[in-house]
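Source file: query37.pdb. Holds: PDB, C-alpha atoms.
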```pdb
ATOM      1  CA  MET A   1     -43.403  36.518  50.786
ATOM      2  CA  LYS A   2     -40.259  34.408  50.405
ATOM      3  CA  ASN A   3     -42.196  31.178  50.763
ATOM      4  CA  LYS A   4     -44.646  32.211  48.029
ATOM      5  CA  ARG A   5     -41.802  33.003  45.552
ATOM      6  CA  LEU A   6     -39.944  29.735  46.004
ATOM      7  CA  PRO A   7     -42.212  27.715  43.693
ATOM      8  CA  LYS A   8     -41.788  30.347  40.958
ATOM      9  CA  TYR A   9     -38.013  30.258  41.267
ATOM     10  CA  ALA A  10     -38.083  26.479  41.255
ATOM     11  CA  LEU A  11     -40.160  26.504  38.061
ATOM     12  CA  LEU A  12     -37.742  28.905  36.373
ATOM     13  CA  VAL A  13     -34.768  26.746  37.348
ATOM     14  CA  THR A  14     -36.492  23.633  36.002
ATOM     15  CA  ILE A  15     -37.309  25.326  32.676
ATOM     16  CA  THR A  16     -33.729  26.611  32.367
ATOM     17  CA  VAL A  17     -32.269  23.160  33.013
ATOM     18  CA  LEU A  18     -34.592  21.612  30.416
ATOM     19  CA  LEU A  19     -33.630  24.212  27.796
ATOM     20  CA  LEU A  20     -29.931  23.685  28.450
ATOM     21  CA  SER A  21     -30.404  19.894  28.149
ATOM     22  CA  ILE A  22     -32.190  20.273  24.807
ATOM     23  CA  LEU A  23     -29.482  22.591  23.479
ATOM     24  CA  ALA A  24     -26.767  20.208  24.648
ATOM     25  CA  ALA A  25     -28.480  17.285  22.935
ATOM     26  CA  CYS A  26     -28.820  19.236  19.671
ATOM     27  CA  ASN A  27     -25.189  20.276  19.708
ATOM     28  CA  SER A  28     -23.784  16.887  20.708
ATOM     29  CA  ALA A  29     -25.029  14.960  17.649
ATOM     30  CA  PRO A  30     -22.991  16.882  15.047
ATOM     31  CA  GLN A  31     -19.960  16.855  17.339
ATOM     32  CA  ASN A  32     -20.190  13.102  17.759
ATOM     33  CA  GLU A  33     -20.536  12.648  13.990
ATOM     34  CA  ALA A  34     -17.540  14.892  13.413
ATOM     35  CA  GLY A  35     -15.595  12.924  16.005
ATOM     36  CA  GLN A  36     -16.398   9.682  14.221
ATOM     37  CA  LYS A  37     -15.229  11.112  10.895
ATOM     38  CA  ASN A  38     -12.010  12.307  12.468
ATOM     39  CA  THR A  39     -11.274   8.833  13.827
ATOM     40  CA  GLN A  40     -11.539   7.136  10.421
ATOM     41  CA  GLN A  41      -8.140   5.696   9.570
ATOM     42  CA  PRO A  42      -7.137   6.615   6.015
ATOM     43  CA  ILE A  43      -6.144   4.277   3.203
ATOM     44  CA  ILE A  44      -2.670   4.984   1.796
ATOM     45  CA  ILE A  45      -2.092   4.517  -1.948
ATOM     46  CA  GLN A  46       1.601   4.566  -2.870
ATOM     47  CA  GLY A  47       3.109   5.354  -6.256
ATOM     48  CA  PRO A  48       6.861   5.790  -6.849
ATOM     49  CA  MET A  49       6.881   8.209  -9.801
ATOM     50  CA  PRO A  50       4.520  11.058 -10.772
ATOM     51  CA  ILE A  51       2.910   8.968 -13.549
ATOM     52  CA  GLU A  52       2.233   6.243 -10.958
ATOM     53  CA  ALA A  53       0.630   8.497  -8.335
ATOM     54  CA  GLU A  54      -0.776  11.742  -9.668
ATOM     55  CA  ASN A  55      -3.569  10.313 -11.833
ATOM     56  CA  PHE A  56      -5.062   8.699  -8.750
ATOM     57  CA  ALA A  57      -4.612  11.854  -6.681
ATOM     58  CA  LYS A  58      -6.580  13.855  -9.263
ATOM     59  CA  ARG A  59      -9.612  11.626  -8.672
ATOM     60  CA  LEU A  60      -9.810  12.442  -4.967
ATOM     61  CA  LYS A  61     -12.013  15.213  -3.577
ATOM     62  CA  ASN A  62     -10.982  17.995  -1.195
ATOM     63  CA  VAL A  63      -7.292  17.370  -1.863
ATOM     64  CA  LYS A  64      -4.693  18.960   0.380
ATOM     65  CA  GLU A  65      -0.999  18.507  -0.397
ATOM     66  CA  GLU A  66       1.529  17.885   2.367
ATOM     67  CA  LYS A  67       5.252  17.205   2.187
ATOM     68  CA  SER A  68       7.813  15.508   4.377
ATOM     69  CA  GLY A  69      11.344  15.570   3.033
ATOM     70  CA  THR A  70      11.100  14.569  -0.621
ATOM     71  CA  PHE A  71       7.834  12.682  -0.074
ATOM     72  CA  VAL A  72       4.527  14.163  -1.195
ATOM     73  CA  PHE A  73       1.158  13.202   0.323
ATOM     74  CA  TYR A  74      -2.104  14.108  -1.381
ATOM     75  CA  LYS A  75      -4.789  13.990   1.314
ATOM     76  CA  GLY A  76      -8.365  13.758   0.084
ATOM     77  CA  THR A  77     -11.528  11.702   0.148
ATOM     78  CA  LEU A  78     -13.080   8.978  -1.977
ATOM     79  CA  ASP A  79     -16.751   8.236  -1.354
ATOM     80  CA  ASN A  80     -16.447  10.408   1.775
ATOM     81  CA  TYR A  81     -13.679   8.195   3.170
ATOM     82  CA  PRO A  82     -10.148   9.565   3.801
ATOM     83  CA  VAL A  83      -7.622   8.416   1.210
ATOM     84  CA  ILE A  84      -4.015   9.599   0.915
ATOM     85  CA  VAL A  85      -1.897   9.179  -2.192
ATOM     86  CA  ALA A  86       1.807   9.045  -1.364
ATOM     87  CA  LYS A  87       4.400   9.813  -4.023
ATOM     88  CA  THR A  88       7.280   7.884  -2.487
ATOM     89  CA  GLY A  89      10.051   8.182  -5.022
ATOM     90  CA  LYS A  90      11.807   5.194  -6.569
ATOM     91  CA  GLY A  91      13.691   2.479  -4.749
ATOM     92  CA  MET A  92      13.598   0.479  -1.538
ATOM     93  CA  GLY A  93      15.136   3.138   0.722
ATOM     94  CA  ASN A  94      12.759   5.875  -0.384
ATOM     95  CA  THR A  95       9.765   3.583  -0.060
ATOM     96  CA  ALA A  96      10.644   2.268   3.397
ATOM     97  CA  ALA A  97      11.149   5.810   4.694
ATOM     98  CA  ALA A  98       7.990   7.147   3.041
ATOM     99  CA  THR A  99       5.958   4.265   4.470
ATOM    100  CA  ALA A 100       7.264   4.809   7.995
ATOM    101  CA  VAL A 101       6.528   8.545   7.756
ATOM    102  CA  ALA A 102       3.007   7.859   6.487
ATOM    103  CA  VAL A 103       2.235   5.360   9.248
ATOM    104  CA  GLU A 104       3.571   7.609  12.008
ATOM    105  CA  ARG A 105       1.847  10.705  10.667
ATOM    106  CA  TYR A 106      -1.517   9.378   9.413
ATOM    107  CA  ASN A 107      -2.154   6.052  11.218
ATOM    108  CA  PRO A 108      -3.585   4.289   8.127
ATOM    109  CA  ILE A 109      -5.869   1.271   8.196
ATOM    110  CA  ALA A 110      -4.319  -0.112   4.989
ATOM    111  CA  ILE A 111      -1.538   0.504   2.478
ATOM    112  CA  ILE A 112      -1.651  -0.340  -1.230
ATOM    113  CA  ASN A 113       1.668  -0.144  -3.042
ATOM    114  CA  GLN A 114       0.969   0.091  -6.770
ATOM    115  CA  GLY A 115       2.668   1.016 -10.015
ATOM    116  CA  THR A 116       4.425  -0.509 -13.018
ATOM    117  CA  SER A 117       6.643  -3.592 -13.179
ATOM    118  CA  GLY A 118       8.635  -5.843 -15.471
ATOM    119  CA  GLY A 119       7.351  -9.315 -16.235
ATOM    120  CA  HIS A 120       9.016 -12.502 -15.028
ATOM    121  CA  ASP A 121       6.260 -14.875 -16.110
ATOM    122  CA  PRO A 122       6.136 -15.509 -19.893
ATOM    123  CA  ASN A 123       2.392 -16.181 -19.589
ATOM    124  CA  LEU A 124       1.767 -12.561 -18.564
ATOM    125  CA  ASN A 125       1.541  -9.700 -21.057
ATOM    126  CA  VAL A 126       1.858  -5.932 -20.989
ATOM    127  CA  PHE A 127      -1.231  -4.421 -19.268
ATOM    128  CA  ASP A 128      -1.836  -7.578 -17.204
ATOM    129  CA  ILE A 129      -2.050  -6.886 -13.451
ATOM    130  CA  VAL A 130      -0.546  -8.941 -10.618
ATOM    131  CA  LEU A 131      -2.119  -8.858  -7.161
ATOM    132  CA  GLY A 132       0.626  -9.491  -4.636
ATOM    133  CA  LYS A 133      -0.524 -12.585  -2.810
ATOM    134  CA  ARG A 134       3.009 -12.306  -1.543
ATOM    135  CA  VAL A 135       5.909  -9.876  -1.953
ATOM    136  CA  THR A 136       9.607 -10.639  -1.538
ATOM    137  CA  ASN A 137      12.952  -8.865  -1.560
ATOM    138  CA  ILE A 138      14.953 -10.344  -4.443
ATOM    139  CA  GLY A 139      17.916  -8.112  -3.649
ATOM    140  CA  ALA A 140      18.714  -9.701  -0.270
ATOM    141  CA  LEU A 141      21.339 -12.257  -1.325
ATOM    142  CA  LYS A 142      24.526 -13.843  -0.021
ATOM    143  CA  THR A 143      27.204 -14.882  -2.513
ATOM    144  CA  GLU A 144      29.121 -18.132  -2.501
ATOM    145  CA  ASN A 145      32.607 -18.214  -0.965
ATOM    146  CA  MET A 146      34.959 -17.863  -3.930
ATOM    147  CA  ASN A 147      38.595 -16.870  -3.877
ATOM    148  CA  GLU A 148      40.433 -14.500  -6.182
ATOM    149  CA  ASN A 149      40.320 -15.513  -9.848
ATOM    150  CA  GLN A 150      37.537 -18.034  -9.210
ATOM    151  CA  GLY A 151      35.057 -15.806 -10.969
ATOM    152  CA  ILE A 152      31.453 -14.806 -10.280
ATOM    153  CA  ASP A 153      28.421 -17.100 -10.363
ATOM    154  CA  PRO A 154      25.103 -15.369  -9.535
ATOM    155  CA  THR A 155      23.195 -18.631 -10.054
ATOM    156  CA  LYS A 156      24.743 -19.882  -6.793
ATOM    157  CA  TRP A 157      23.782 -16.843  -4.755
ATOM    158  CA  ILE A 158      21.700 -17.688  -1.688
ATOM    159  CA  PRO A 159      18.521 -15.863  -0.555
ATOM    160  CA  MET A 160      18.990 -14.023   2.727
ATOM    161  CA  ASP A 161      16.191 -13.305   5.198
ATOM    162  CA  LEU A 162      17.124  -9.994   6.810
ATOM    163  CA  MET A 163      14.377 -10.429   9.426
ATOM    164  CA  ALA A 164      15.519 -13.875  10.607
ATOM    165  CA  SER A 165      17.406 -12.607  13.650
ATOM    166  CA  GLU A 166      18.952  -9.536  15.198
ATOM    167  CA  GLY A 167      22.423 -10.949  14.669
ATOM    168  CA  SER A 168      24.461 -11.039  11.494
ATOM    169  CA  ALA A 169      22.247 -12.479   8.771
ATOM    170  CA  GLY A 170      25.376 -13.333   6.805
ATOM    171  CA  GLU A 171      26.502 -15.753   9.529
ATOM    172  CA  ASP A 172      23.094 -17.147  10.502
ATOM    173  CA  PRO A 173      22.205 -20.379   8.619
ATOM    174  CA  ASN A 174      18.542 -19.811   9.552
ATOM    175  CA  ALA A 175      18.624 -16.663   7.430
ATOM    176  CA  GLU A 176      19.411 -18.558   4.244
ATOM    177  CA  LYS A 177      15.822 -18.602   3.049
ATOM    178  CA  ILE A 178      13.339 -16.442   1.192
ATOM    179  CA  ARG A 179      11.216 -14.034   3.227
ATOM    180  CA  TYR A 180       7.716 -13.567   1.826
ATOM    181  CA  TYR A 181       5.273 -10.892   2.986
ATOM    182  CA  GLU A 182       1.691 -12.073   2.544
ATOM    183  CA  GLY A 183      -0.934  -9.756   1.044
ATOM    184  CA  ASP A 184      -3.827  -8.847   3.344
ATOM    185  CA  LYS A 185      -6.784 -11.188   2.740
ATOM    186  CA  ASP A 186      -9.418  -8.431   2.898
ATOM    187  CA  LEU A 187      -7.554  -6.242   0.422
ATOM    188  CA  LEU A 188      -7.048  -9.258  -1.843
ATOM    189  CA  ALA A 189     -10.749 -10.059  -1.636
ATOM    190  CA  ALA A 190     -11.670  -6.498  -2.620
ATOM    191  CA  ALA A 191      -9.218  -6.594  -5.531
ATOM    192  CA  ASN A 192     -10.573  -9.897  -6.809
ATOM    193  CA  ALA A 193     -14.160  -8.697  -6.431
ATOM    194  CA  VAL A 194     -13.659  -5.929  -9.023
ATOM    195  CA  LYS A 195     -11.182  -7.569 -11.395
ATOM    196  CA  ASP A 196     -13.884  -8.004 -14.051
ATOM    197  CA  LYS A 197     -14.056  -4.203 -14.302
ATOM    198  CA  TYR A 198     -10.525  -4.177 -15.699
ATOM    199  CA  THR A 199     -10.699  -4.748 -19.459
ATOM    200  CA  LYS A 200      -7.170  -3.928 -20.645
ATOM    201  CA  GLY A 201      -5.662  -7.232 -19.545
ATOM    202  CA  LYS A 202      -6.111 -10.028 -17.053
ATOM    203  CA  VAL A 203      -5.812  -9.746 -13.272
ATOM    204  CA  VAL A 204      -4.054 -12.598 -11.450
ATOM    205  CA  GLU A 205      -2.638 -13.319  -8.022
ATOM    206  CA  GLY A 206       1.106 -13.845  -7.892
ATOM    207  CA  THR A 207       4.443 -13.040  -6.313
ATOM    208  CA  ILE A 208       5.981  -9.578  -6.629
ATOM    209  CA  GLY A 209       9.769  -9.311  -6.374
ATOM    210  CA  SER A 210      11.471  -6.067  -5.318
ATOM    211  CA  ALA A 211      15.066  -4.835  -5.343
ATOM    212  CA  ASP A 212      17.211  -1.836  -6.207
ATOM    213  CA  VAL A 213      18.170  -3.674  -9.391
ATOM    214  CA  TRP A 214      16.796  -3.430 -12.934
ATOM    215  CA  ASN A 215      17.153  -6.908 -14.415
ATOM    216  CA  ASN A 216      17.518  -7.044 -18.204
ATOM    217  CA  GLU A 217      19.228 -10.448 -18.417
ATOM    218  CA  VAL A 218      16.516 -12.893 -19.454
ATOM    219  CA  ASP A 219      18.342 -15.867 -17.918
ATOM    220  CA  ARG A 220      18.612 -13.961 -14.634
ATOM    221  CA  ILE A 221      14.897 -13.139 -14.780
ATOM    222  CA  LYS A 222      14.127 -16.825 -15.388
ATOM    223  CA  TRP A 223      16.310 -17.741 -12.389
ATOM    224  CA  PHE A 224      14.220 -15.498 -10.110
ATOM    225  CA  HIS A 225      10.988 -16.819 -11.626
ATOM    226  CA  THR A 226      12.067 -20.385 -10.888
ATOM    227  CA  LYS A 227      13.723 -19.892  -7.478
ATOM    228  CA  TYR A 228      11.377 -17.266  -5.984
ATOM    229  CA  GLY A 229       8.239 -17.888  -8.024
ATOM    230  CA  THR A 230       8.160 -14.247  -9.082
ATOM    231  CA  SER A 231       5.532 -13.007 -11.509
ATOM    232  CA  VAL A 232       6.976  -9.498 -11.855
ATOM    233  CA  GLU A 233       9.753  -7.316 -10.506
ATOM    234  CA  GLU A 234       9.819  -3.712  -9.319
ATOM    235  CA  MET A 235      11.816  -1.577  -6.886
ATOM    236  CA  GLU A 236       9.522  -0.728  -3.974
ATOM    237  CA  GLY A 237       6.894  -3.212  -2.822
ATOM    238  CA  ALA A 238       8.864  -5.419  -0.424
ATOM    239  CA  ALA A 239      10.193  -2.378   1.442
ATOM    240  CA  ALA A 240       6.651  -1.060   1.946
ATOM    241  CA  ALA A 241       5.453  -4.519   2.986
ATOM    242  CA  GLN A 242       8.250  -4.809   5.541
ATOM    243  CA  MET A 243       7.317  -1.472   7.119
ATOM    244  CA  ALA A 244       3.604  -2.316   7.048
ATOM    245  CA  GLN A 245       4.306  -5.564   8.880
ATOM    246  CA  ALA A 246       6.460  -3.741  11.432
ATOM    247  CA  TYR A 247       3.530  -1.430  12.234
ATOM    248  CA  ASP A 248       0.844  -4.125  11.834
ATOM    249  CA  VAL A 249      -0.925  -2.358   8.957
ATOM    250  CA  ALA A 250      -2.825  -4.248   6.246
ATOM    251  CA  PHE A 251      -0.834  -4.287   2.980
ATOM    252  CA  LEU A 252      -1.256  -5.268  -0.644
ATOM    253  CA  GLY A 253       0.928  -4.802  -3.713
ATOM    254  CA  ILE A 254      -0.778  -4.282  -7.082
ATOM    255  CA  ARG A 255       1.496  -4.101 -10.123
ATOM    256  CA  VAL A 256       0.794  -3.808 -13.828
ATOM    257  CA  LEU A 257       3.224  -5.158 -16.418
ATOM    258  CA  SER A 258       4.704  -2.255 -18.346
ATOM    259  CA  ASN A 259       7.036  -4.627 -20.228
ATOM    260  CA  ASN A 260       8.042  -8.289 -20.272
ATOM    261  CA  LYS A 261      11.417  -9.305 -21.680
ATOM    262  CA  THR A 262      10.601 -13.010 -21.344
ATOM    263  CA  ASN A 263       8.061 -12.817 -24.174
ATOM    264  CA  GLY A 264       9.087  -9.648 -26.028
ATOM    265  CA  GLY A 265       6.484  -7.346 -24.449
ATOM    266  CA  LYS A 266       7.576  -3.765 -25.202
ATOM    267  CA  TYR A 267       7.424  -0.968 -22.635
ATOM    268  CA  ASN A 268       4.176   1.030 -22.597
ATOM    269  CA  PRO A 269       3.915   4.035 -20.226
ATOM    270  CA  ASP A 270       0.096   4.022 -20.484
ATOM    271  CA  THR A 271       0.069   1.017 -18.176
ATOM    272  CA  ALA A 272       0.656   3.331 -15.188
ATOM    273  CA  SER A 273      -2.665   5.143 -15.592
ATOM    274  CA  ALA A 274      -4.472   1.889 -16.394
ATOM    275  CA  ASN A 275      -3.294   0.407 -13.105
ATOM    276  CA  GLN A 276      -4.436   3.460 -11.153
ATOM    277  CA  GLU A 277      -7.895   3.182 -12.694
ATOM    278  CA  TYR A 278      -8.131  -0.403 -11.482
ATOM    279  CA  VAL A 279      -6.746   0.410  -8.017
ATOM    280  CA  TYR A 280      -9.362   3.162  -7.768
ATOM    281  CA  GLU A 281     -12.064   0.497  -8.129
ATOM    282  CA  VAL A 282     -10.301  -1.691  -5.564
ATOM    283  CA  VAL A 283     -10.271   1.122  -3.022
ATOM    284  CA  LYS A 284     -13.950   1.899  -3.606
ATOM    285  CA  LYS A 285     -14.782  -1.750  -2.968
ATOM    286  CA  TYR A 286     -12.570  -1.941   0.114
ATOM    287  CA  ILE A 287     -14.270   1.142   1.589
ATOM    288  CA  THR A 288     -17.645  -0.614   1.396
ATOM    289  CA  THR A 289     -16.235  -3.505   3.421
ATOM    290  CA  LEU A 290     -14.986  -1.101   6.092
ATOM    291  CA  SER A 291     -18.409   0.505   6.477
ATOM    292  CA  SER A 292     -19.982  -2.914   7.027
ATOM    293  CA  LYS A 293     -17.651  -3.825   9.909
TER     294      LYS A 293
END
```
Now that the file is in, can you turn its structure into structure tokens?
Amino acid sequence: MKNKRLPKYALLVTITVLLLSILAACNSAPQNEAGQKNTQQPIIIQGPMPIEAENFAKRLKNVKEEKSGTFVFYKGTLDNYPVIVAKTGKGMGNTAAATAVAVERYNPIAIINQGTSGGHDPNLNVFDIVLGKRVTNIGALKTENMNENQGIDPTKWIPMDLMASEGSAGEDPNAEKIRYYEGDKDLLAAANAVKDKYTKGKVVEGTIGSADVWNNEVDRIKWFHTKYGTSVEEMEGAAAAQMAQAYDVAFLGIRVLSNNKTNGGKYNPDTASANQEYVYEVVKKYITTLSSK
């Protein structure tokens, strides 16, 4: 009797194993797809003030808001790809901290620092956009040695590279140079590929200068334009670029001119939303390049 039943039991075991294998195969496909989606590294879009961040955030789908300290992160998707808009707050300190938090928390594939700026180049007008082929800190300076009652001469101030060494940059002659952070070539390519979609001004590559200083002295602005090659100035980009380089994350600054004292261009707050519309197109283009890799 036992010998006659063995083939039946063996058949049942075989059928059971086959059914379990089929069920496992059916269930594994969605799990693998979900796993792939979860491993997509997000793109971070930074904006200092609400008018420089929230218009972009409104265009994302499935938005979830998260906070860390004073920083706000709007997590969502664009064309089914994860995108996070970070409202960093103004200034170099805020931006450096917000960038470090974003990198540690979200592990982004790229960071775009965007917003408004003041013009340094008289050939650029309000609503023109500068793609940061390079970004530099125009607030890292060493003054000349001058004794009491010898006055102040900012035209003799020397650029100071804070990343030149781990020693005192003020005593290191190798630090007396300008530090430039280069824009990521793939992000630049995506930005240039869609620049014809922007119709409110021209889009050019240039140098973005950053510092916790608002320069209103035209001669001072001209000095930076000549010495650093700056196209525009703002208060955040170089700090974000420095953190992005520290974490080896692709970075690009994109800044629209909201005013330009060198040619009388008056301030226009509508430039903030115009820039976000353009950056939206840049991100869409960049996402297509990621899917092809």
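One finds CA of Lys285 (chain A) at 7.4 Å from CA of Val194 (chain A).
The space separating CA of Lys261 (chain A) from CA of Gln242 (chain A) comes to 27.8 Å.
Put simply, the PyMOL selection byres ((chain A and resi 208) around 9) on this file hits Ser117, Val130, Leu131, Gly132, Lys133, Arg134, Val135, Thr136, Asn137, Gly206, Thr207, Gly209, Ser210, Gly229, Thr230, Ser231, Val232, Glu233, Glu234, Gly237, Ala238, Gly253, Ile254 and Arg255 of chain A.
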*asked:* Suppose a student applies the PyMOL selection byres ((chain A and resi 105-109) around 7) to this structure; what residues should they get, written as number ranges by chain?
replied: A: 41-44, 101-104, 110, 249-250
Please, could you write that set of residues out with C-alpha atoms as a tab-separated table (two decimals), in the coordinates of the input?
```tsv
chain	number	residue	atom	x	y	z
A	41	GLN	CA	-8.14	5.70	9.57
A	42	PRO	CA	-7.14	6.62	6.02
A	43	ILE	CA	-6.14	4.28	3.20
A	44	ILE	CA	-2.67	4.98	1.80
A	101	VAL	CA	6.53	8.54	7.76
A	102	ALA	CA	3.01	7.86	6.49
A	103	VAL	CA	2.24	5.36	9.25
A	104	GLU	CA	3.57	7.61	12.01
A	110	ALA	CA	-4.32	-0.11	4.99
A	249	VAL	CA	-0.92	-2.36	8.96
A	250	ALA	CA	-2.82	-4.25	6.25
```
Would you kindly return, as a list in words, each protein, DNA or RNA residue with an atom no farther than 8 Å from any atom of region 156-166 of chain A, considering all atoms listed in the file and excluding same-chain residues fewer than 5 positions away?
Ile138, Ala140, Leu141, Lys142, Thr143, Glu144, Asp172, Asn174, Ala175, Glu176, Lys177, Ile178 and Arg179 of chain A
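With distances restricted to all atoms listed in the file, A:Leu78 is the closest residue to Arg59 (chain A) from A:Leu252, A:Ile45, A:Leu78, A:Ile129.
Every protein or nucleic acid residue with an atom no more than 8 Å from Ile51 (chain A), counting only C-alpha atoms and leaving out same-chain residues fewer than 4 positions away, appears here: A:Asn55, A:Ala272, A:Ser273.
Distance annotation: of A:Ala98, A:His120, A:Val63, A:Gly167, the residue with the minimal separation from Lys227 (chain A) is A:His120; atom set is only C-alpha atoms.
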Selection result for the PyMOL selection byres ((chain A and resi 92-96) around 8) on this file, as a PDB file with C-alpha atoms, keeping the file's coordinate frame:
```pdb
ATOM      1  CA  PRO A  48       6.861   5.790  -6.849  1.00  0.00           C
ATOM      2  CA  THR A  88       7.280   7.884  -2.487  1.00  0.00           C
ATOM      3  CA  GLY A  89      10.051   8.182  -5.022  1.00  0.00           C
ATOM      4  CA  LYS A  90      11.807   5.194  -6.569  1.00  0.00           C
ATOM      5  CA  GLY A  91      13.691   2.479  -4.749  1.00  0.00           C
ATOM      6  CA  ALA A  97      11.149   5.810   4.694  1.00  0.00           C
ATOM      7  CA  ALA A  98       7.990   7.147   3.041  1.00  0.00           C
ATOM      8  CA  THR A  99       5.958   4.265   4.470  1.00  0.00           C
ATOM      9  CA  ALA A 100       7.264   4.809   7.995  1.00  0.00           C
ATOM     10  CA  SER A 210      11.471  -6.067  -5.318  1.00  0.00           C
ATOM     11  CA  ALA A 211      15.066  -4.835  -5.343  1.00  0.00           C
ATOM     12  CA  ASP A 212      17.211  -1.836  -6.207  1.00  0.00           C
ATOM     13  CA  MET A 235      11.816  -1.577  -6.886  1.00  0.00           C
ATOM     14  CA  GLU A 236       9.522  -0.728  -3.974  1.00  0.00           C
ATOM     15  CA  GLY A 237       6.894  -3.212  -2.822  1.00  0.00           C
ATOM     16  CA  ALA A 238       8.864  -5.419  -0.424  1.00  0.00           C
ATOM     17  CA  ALA A 239      10.193  -2.378   1.442  1.00  0.00           C
ATOM     18  CA  ALA A 240       6.651  -1.060   1.946  1.00  0.00           C
ATOM     19  CA  GLN A 242       8.250  -4.809   5.541  1.00  0.00           C
ATOM     20  CA  MET A 243       7.317  -1.472   7.119  1.00  0.00           C
TER      21      MET A 243
END
```
So for region 90-98 of chain A, what box centre and size do we get, axis-aligned, 3 Å extra on each of the six sides, every listed atom, Å to one decimal, as AutoDock Vina command-line options?
```
--center_x 11.6 --center_y 3.8 --center_z -0.9 --size_x 13.1 --size_y 12.7 --size_z 17.3
```
- prompt: Which neighbours of Glu65 (chain A) fall inside 10 Å, counting all atoms listed in the file, when residues of the same chain fewer than 3 positions from it are skipped, and could you give them as a PyMOL selection string?
  reply: chain A and resi 57+72-76+84-86
Generate the output file for the selected residues, C-alpha atoms, as an mmCIF file, keeping the file's coordinate frame.
```cif
data_model
loop_
_atom_site.group_PDB
_atom_site.id
_atom_site.type_symbol
_atom_site.label_atom_id
_atom_site.label_comp_id
_atom_site.auth_asym_id
_atom_site.auth_seq_id
_atom_site.Cartn_x
_atom_site.Cartn_y
_atom_site.Cartn_z
ATOM 1 C CA ALA A 57 -4.612 11.854 -6.681
ATOM 2 C CA VAL A 72 4.527 14.163 -1.195
ATOM 3 C CA PHE A 73 1.158 13.202 0.323
ATOM 4 C CA TYR A 74 -2.104 14.108 -1.381
ATOM 5 C CA LYS A 75 -4.789 13.990 1.314
ATOM 6 C CA GLY A 76 -8.365 13.758 0.084
ATOM 7 C CA ILE A 84 -4.015 9.599 0.915
ATOM 8 C CA VAL A 85 -1.897 9.179 -2.192
ATOM 9 C CA ALA A 86 1.807 9.045 -1.364
#
```
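The coordinates place CA of Glu52 (chain A) at 7.4 Å from CA of Thr116 (chain A).
Among A:Asp270, A:Tyr280, A:Leu124, A:Asn275, the residue with the shortest atom-to-atom distance to Glu205 (chain A), counting all atoms listed in the file, is A:Leu124.
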